[in-house]
Amino acid sequence: MSGPLSTPVQLSTSRGVRWLMAAGAVVMVLIGVLLLLLLSQATNNRALYDQNYDRLYIVNWVVAALLLLGIVIGLVRLMLRLRRGQFGARLLVKLAAIFALVGVVPGVLIYVVSYQFVSRSIESWFDVKVEGALAAGLSLGRSTIDTLSADLAKQTRSAALQLLDVPEPTAGLMLERIREQMGANDAVLWSTKGILIASAGQSRFQLRPDRPTNDQIRQVRSKLSVELVEGLEDNPTGAASGRIKVLSLVPQSSLSLRNDPWVLQITQELSPTLVANALDVQEANREYQERALARDGLRRMYIGTLTLSLFLAVLGAVLLAVLLGNQLAQPLLLLAHGMRQVAAGDLTPKMALQGKDELGGLTRSFADMTQQLSDARSAVERSLIQLDAARGNLQTILDNLTAGVIVLDARGRIQSSNPGATRILRVPLAAHENTLLQTLPAMQTFAAGVQAQFELLGADKDTHELDHWQKSFEVHAAGQGLDATAVTLIARGAILPDGLRLLVFDDISEMVSAQRAQAWGEVARRLAHEIKNPLTPIQLSAERLERKLEGKLNAPDQAILIKSVKTIVDQVDAMKRLVNEFRDYARLPSAVLQALDLNALVHEVMGLYSQEPLEGNARVPIDLALDGACPLIQGDAQQLRQVVHNLLQNAQDACDVQTDKTTELALKPHVTLATQWSPARKRVRLTVTDAGPGFAPHILQRAIEPYVTTKAKGTGLGLAVVKKIADEHGARLDMSNLIEEGHVKGAQVSLSFSIHKGA
């Protein structure tokens, strides 16, 4: 069972519902206690029970209704949770059902036993033997009292005969004697009109003794005696006191002068024990008869109270089951909700219960673990950010390296590369990832050599403990002599910890060219030294021979001699010029850098070139495009004059009139010398452009090497000297062909100079 992650888990009920449930539980406990007290006192104090039963019954039903309402609300909430598929609803239902069963099953069992017990107990209260014993006890008490009353009445009638013809003044003495003879408590002599004649005993001390009623006197006159038992029928004080009162008519003789007959009243107190026993038997019999009449109602009352108690207990158990189930499920639901959030990647601080039990400790531990995971993820994210920054920096470094970097797998497949590798190898390596290096165009020899070196490194690593290899290669090699083209690489390889192979290489063609130029410089110096020494003697010997033989030979021989000597002298001069060029290239002095106005230097050099139109043998005209904003540069004026002169001479030589073999049209000669100031780069550029055939591909790569030229009369030292002077000035030398619509329209040579610090 799962719900949407965005829906919060309802871990507890609202504050009002919780207060309602707590109040209901408290009221239920109080009512249960009252029920137990009333049930325990029901036998001894039935009047109190009858007085409060209806009231308590109504209160119990009200509480039961409230508990039932609370249970219905809880069930509705559970059903809504189940219908919405909310997490934890089934767990709450199970816990509530378990607790409810734990409370209901014992309660029902106790109810069944109690029901049987109450029914049998009530029936046992009204046993026939008990009823007969109570009736016998009551009859025995009455018979005893009746016997005492009859005996006292007999004695009273005998005493009344003693008062016959007793005069009224002596009646008191006679009454006292009679009381003592009978052992009575009191003796009073009344007239039939209710007039006190005489008294003896306790009544003597009373102002108004109890006078017989008119009915009693009439009964005495008709029956001669009346027995009365007092204190047994009405005893509100609860005192165990009773007495027998006998009224007897005193007979008169025929000679008596009394007009109003006398009535003798004798009072005898009963034994307190007898009175108490009689009252108890009488009360027990009365209650027994009342309960016997209300037997069915009593049974219904007890069973109804028991049923109501069971109902309250069951409802309370169910309510407590819901509450306890919610309390037990709350930590589990909290943990489950937190786990789902963590699984979804939400590591925000989680709620934790502050209880001291194990579940509360578990929620706190989970919250601590989540916080630790959050801290760890933050640390990992920071590390990833740093790693990405480092990777970005490394990628930037690799992208801007002049050296080429390629990562290969064990089979030689390209995994990654940098732009330097693409530039050096002239192959779009980024488009050939996961491709074997040896399958790329013109890379078969290079790839085979690299693979062989890696295999040797792997074989010798354990023996010689080598961690890399280094070797030079040539790629794109073609042609021979001046037509030879090749890119010379110095490559170094190593095996990475993950088994990949790292290949780093650099284009050392310029370095090789510089080494070749240095070698040629040494050769030129020695040639200049070795050749220059015999040239002067040869020239002098030829001139001396001409003077010695002048006029001694005939005309034809003299002409041959003059021509031969002239040839020797011209060739010696040519050799001297060649030797001087060798010497100048080999012994080029170090540049003395000073503030220099490049535009002024160009105007000065241009004074040596005529601006004549292209006619006959006239040189190709030169157009100037000078930037007046150019600041002073750091340069050596003498060496830069030579640079400008060499570049212009080469451009004019390239622009000599030629015929295009394809179109049979003459190319229009054109040379442009321009300067340009770049404020962004703070550099001044000198550019010479011609409209010649441009550089041949094999020459463009080696144009700055000494003695590399395609001109019939060239020495191949012009651009070599320019390159050497540019290096002395820290200037950048660039050479390229001008291409329009796929055809070469000329060549361009440019130098970029740094400006003077004070400019």
# chains A, B, ... in the order shown; residues from 1 in each chain; ligands from 1

$ select_by_dssp --residues "stretch 146-295 of chain A" --states "alpha helix (DSSP H)" --output "ChimeraX atom specification"
/A:146-162,171-182,214-223,272-293,295

$ residues_around --residues "A:Ala542" --least-positions-apart "3" --cutoff "12 Å" --atoms "only C-alpha atoms" --output "PyMOL selection string"
chain A and resi 535-539+545-549+561-572

$ atom_distance --atom1 "atom CA of A:Val620" --atom2 "atom CA of A:Thr689"
12.3 Å

$ closest_residue --among "A:Met511, A:Val263, A:Leu496, A:Ile58" --to "A:Pro251" --atoms "only C-alpha atoms"
A:Val263

$ atom_distance --atom1 "atom CA of A:Gly412" --atom2 "atom CA of A:Asp388"
27.3 Å

$ residues_around --residues "stretch 71-73 of chain A" --least-positions-apart "2" --cutoff "9 Å" --atoms "only C-alpha atoms" --output "PyMOL selection string"
chain A and resi 66-69+75-78+315+318-319+322

$ write_last_selection --atoms "all heavy atoms" --output "mmCIF file, in the first residue's frame"
data_model
loop_
_atom_site.group_PDB
_atom_site.id
_atom_site.type_symbol
_atom_site.label_atom_id
_atom_site.label_comp_id
_atom_site.auth_asym_id
_atom_site.auth_seq_id
_atom_site.Cartn_x
_atom_site.Cartn_y
_atom_site.Cartn_z
ATOM 1 N N LEU A 66 -21.377 8.571 23.330
ATOM 2 C CA LEU A 66 -20.179 9.348 22.996
ATOM 3 C C LEU A 66 -19.029 8.440 22.566
ATOM 4 O O LEU A 66 -18.307 8.725 21.600
ATOM 5 C CB LEU A 66 -19.760 10.206 24.195
ATOM 6 C CG LEU A 66 -20.721 11.344 24.577
ATOM 7 C CD1 LEU A 66 -20.220 12.067 25.823
ATOM 8 C CD2 LEU A 66 -20.873 12.326 23.419
ATOM 9 N N LEU A 67 -18.853 7.340 23.323
ATOM 10 C CA LEU A 67 -17.802 6.397 22.938
ATOM 11 C C LEU A 67 -18.076 5.792 21.568
ATOM 12 O O LEU A 67 -17.166 5.641 20.739
ATOM 13 C CB LEU A 67 -17.690 5.296 23.995
ATOM 14 C CG LEU A 67 -17.142 5.715 25.357
ATOM 15 C CD1 LEU A 67 -17.170 4.545 26.319
ATOM 16 C CD2 LEU A 67 -15.729 6.254 25.238
ATOM 17 N N LEU A 68 -19.329 5.446 21.323
ATOM 18 C CA LEU A 68 -19.683 4.899 20.018
ATOM 19 C C LEU A 68 -19.450 5.921 18.911
ATOM 20 O O LEU A 68 -18.972 5.578 17.816
ATOM 21 C CB LEU A 68 -21.147 4.461 20.034
ATOM 22 C CG LEU A 68 -21.664 3.804 18.746
ATOM 23 C CD1 LEU A 68 -20.870 2.554 18.429
ATOM 24 C CD2 LEU A 68 -23.152 3.480 18.876
ATOM 25 N N LEU A 69 -19.757 7.192 19.196
ATOM 26 C CA LEU A 69 -19.501 8.245 18.214
ATOM 27 C C LEU A 69 -18.011 8.361 17.922
ATOM 28 O O LEU A 69 -17.589 8.498 16.761
ATOM 29 C CB LEU A 69 -20.052 9.582 18.733
ATOM 30 C CG LEU A 69 -19.823 10.809 17.827
ATOM 31 C CD1 LEU A 69 -20.512 10.606 16.480
ATOM 32 C CD2 LEU A 69 -20.328 12.076 18.503
ATOM 33 N N LEU A 75 -13.392 4.884 12.840
ATOM 34 C CA LEU A 75 -13.560 3.934 11.741
ATOM 35 C C LEU A 75 -13.714 4.643 10.403
ATOM 36 O O LEU A 75 -13.188 4.185 9.378
ATOM 37 C CB LEU A 75 -14.780 3.053 12.017
ATOM 38 C CG LEU A 75 -14.643 2.060 13.181
ATOM 39 C CD1 LEU A 75 -15.945 1.316 13.398
ATOM 40 C CD2 LEU A 75 -13.496 1.083 12.933
ATOM 41 N N VAL A 76 -14.446 5.748 10.410
ATOM 42 C CA VAL A 76 -14.608 6.512 9.153
ATOM 43 C C VAL A 76 -13.262 7.030 8.665
ATOM 44 O O VAL A 76 -12.935 6.956 7.463
ATOM 45 C CB VAL A 76 -15.610 7.671 9.363
ATOM 46 C CG1 VAL A 76 -15.604 8.613 8.153
ATOM 47 C CG2 VAL A 76 -17.006 7.117 9.585
ATOM 48 N N ARG A 77 -12.444 7.535 9.607
ATOM 49 C CA ARG A 77 -11.112 8.031 9.217
ATOM 50 C C ARG A 77 -10.252 6.897 8.670
ATOM 51 O O ARG A 77 -9.527 7.065 7.679
ATOM 52 C CB ARG A 77 -10.432 8.680 10.418
ATOM 53 C CG ARG A 77 -11.083 9.981 10.868
ATOM 54 C CD ARG A 77 -10.540 10.436 12.210
ATOM 55 N NE ARG A 77 -9.129 10.744 12.139
ATOM 56 C CZ ARG A 77 -8.631 11.936 11.817
ATOM 57 N NH1 ARG A 77 -9.469 12.924 11.532
ATOM 58 N NH2 ARG A 77 -7.342 12.155 11.781
ATOM 59 N N LEU A 78 -10.345 5.721 9.317
ATOM 60 C CA LEU A 78 -9.582 4.577 8.818
ATOM 61 C C LEU A 78 -10.058 4.153 7.430
ATOM 62 O O LEU A 78 -9.248 3.823 6.545
ATOM 63 C CB LEU A 78 -9.692 3.415 9.798
ATOM 64 C CG LEU A 78 -8.858 3.517 11.079
ATOM 65 C CD1 LEU A 78 -9.111 2.321 11.970
ATOM 66 C CD2 LEU A 78 -7.372 3.629 10.763
ATOM 67 N N LEU A 315 -16.708 -0.750 24.293
ATOM 68 C CA LEU A 315 -16.461 0.504 23.583
ATOM 69 C C LEU A 315 -15.159 1.148 24.042
ATOM 70 O O LEU A 315 -14.373 1.664 23.234
ATOM 71 C CB LEU A 315 -17.635 1.462 23.788
ATOM 72 C CG LEU A 315 -18.967 1.056 23.143
ATOM 73 C CD1 LEU A 315 -20.025 2.103 23.445
ATOM 74 C CD2 LEU A 315 -18.808 0.876 21.648
ATOM 75 N N VAL A 318 -12.306 -0.790 22.518
ATOM 76 C CA VAL A 318 -12.111 -0.458 21.103
ATOM 77 C C VAL A 318 -11.476 0.919 20.954
ATOM 78 O O VAL A 318 -10.546 1.132 20.158
ATOM 79 C CB VAL A 318 -13.445 -0.533 20.350
ATOM 80 C CG1 VAL A 318 -13.282 -0.047 18.907
ATOM 81 C CG2 VAL A 318 -13.978 -1.955 20.365
ATOM 82 N N LEU A 319 -11.985 1.884 21.748
ATOM 83 C CA LEU A 319 -11.423 3.229 21.682
ATOM 84 C C LEU A 319 -9.961 3.246 22.115
ATOM 85 O O LEU A 319 -9.101 3.854 21.456
ATOM 86 C CB LEU A 319 -12.253 4.173 22.553
ATOM 87 C CG LEU A 319 -11.867 5.658 22.504
ATOM 88 C CD1 LEU A 319 -12.000 6.181 21.088
ATOM 89 C CD2 LEU A 319 -12.740 6.464 23.452
ATOM 90 N N VAL A 322 -7.858 1.797 19.390
ATOM 91 C CA VAL A 322 -7.535 2.762 18.325
ATOM 92 C C VAL A 322 -6.439 3.720 18.787
ATOM 93 O O VAL A 322 -5.464 3.991 18.066
ATOM 94 C CB VAL A 322 -8.800 3.526 17.901
ATOM 95 C CG1 VAL A 322 -8.446 4.624 16.898
ATOM 96 C CG2 VAL A 322 -9.819 2.565 17.304
#

$ residues_around --residues "A:Ile244" --least-positions-apart "3" --cutoff "10 Å" --atoms "only C-alpha atoms" --output "ChimeraX atom specification"
/A:145-146,148-150,152-153,184,227-231,266-270

$ atom_distance --atom1 "atom CA of A:Asp186" --atom2 "atom CA of A:Pro212"
14.0 Å

$ select_by_dssp --residues "stretch 321-504 of chain A" --states "strand (DSSP E)" --output "VMD selection string"
chain A and resid 404 to 408 414 to 417 469 to 478 485 to 495 501 to 504

$ residues_around --residues "A:Glu474" --least-positions-apart "3" --cutoff "10 Å" --atoms "only C-alpha atoms" --output "compact mmCIF listing (two decimals) with N, CA, C and O atoms, in the first residue's frame"
# COMPACT_ATOMS: atom_id res chain seq x y z
N THR A 445 50.45 3.25 -40.08
CA THR A 445 51.83 3.07 -39.60
C THR A 445 51.99 3.62 -38.19
O THR A 445 52.59 2.97 -37.31
N PHE A 446 51.43 4.80 -37.97
CA PHE A 446 51.53 5.41 -36.63
C PHE A 446 50.82 4.56 -35.58
O PHE A 446 51.35 4.29 -34.49
N ALA A 477 53.86 11.38 -44.31
CA ALA A 477 55.11 11.46 -45.08
C ALA A 477 54.82 11.14 -46.54
O ALA A 477 54.13 10.18 -46.87
N THR A 485 57.29 15.74 -47.66
CA THR A 485 56.45 16.35 -46.62
C THR A 485 56.21 15.32 -45.53
O THR A 485 55.94 14.16 -45.82
N ALA A 486 56.31 15.76 -44.29
CA ALA A 486 56.08 14.86 -43.16
C ALA A 486 55.90 15.69 -41.90
O ALA A 486 56.40 16.81 -41.80
N VAL A 487 55.14 15.13 -40.99
CA VAL A 487 54.96 15.74 -39.67
C VAL A 487 55.70 14.85 -38.67
O VAL A 487 55.39 13.66 -38.54
N THR A 488 56.68 15.41 -38.03
CA THR A 488 57.48 14.65 -37.07
C THR A 488 56.87 14.79 -35.68
O THR A 488 56.62 15.91 -35.21
N LEU A 489 56.59 13.65 -35.06
CA LEU A 489 55.97 13.63 -33.74
C LEU A 489 56.92 12.99 -32.74
O LEU A 489 57.64 12.04 -33.07
N ILE A 490 56.91 13.50 -31.54
CA ILE A 490 57.53 12.83 -30.40
C ILE A 490 56.40 12.35 -29.51
O ILE A 490 55.61 13.16 -29.01
N ASP A 507 53.98 17.94 -32.05
CA ASP A 507 54.55 18.17 -33.37
C ASP A 507 55.89 18.88 -33.19
O ASP A 507 55.94 20.04 -32.75
N ILE A 508 56.96 18.18 -33.50
CA ILE A 508 58.31 18.76 -33.36
C ILE A 508 58.89 19.08 -34.73
O ILE A 508 60.11 19.18 -34.88
N SER A 509 57.99 19.24 -35.72
CA SER A 509 58.48 19.56 -37.07
C SER A 509 59.25 20.86 -37.06
O SER A 509 60.32 20.97 -37.69

$ closest_residue --among "A:Leu161, A:Ala430, A:Ile385, A:Ala336" --to "A:Phe366" --atoms "only C-alpha atoms"
A:Ala336

$ residues_around --residues "A:Pro169" --least-positions-apart "3" --cutoff "10 Å" --atoms "only C-alpha atoms" --output "list in words"
Val166, Gly172, Leu173, Met174, Ile197 and Ala198 of chain A

$ closest_residue --among "A:His468, A:Arg84, A:His729, A:Lys724" --to "A:Ala494" --atoms "only C-alpha atoms"
A:His468
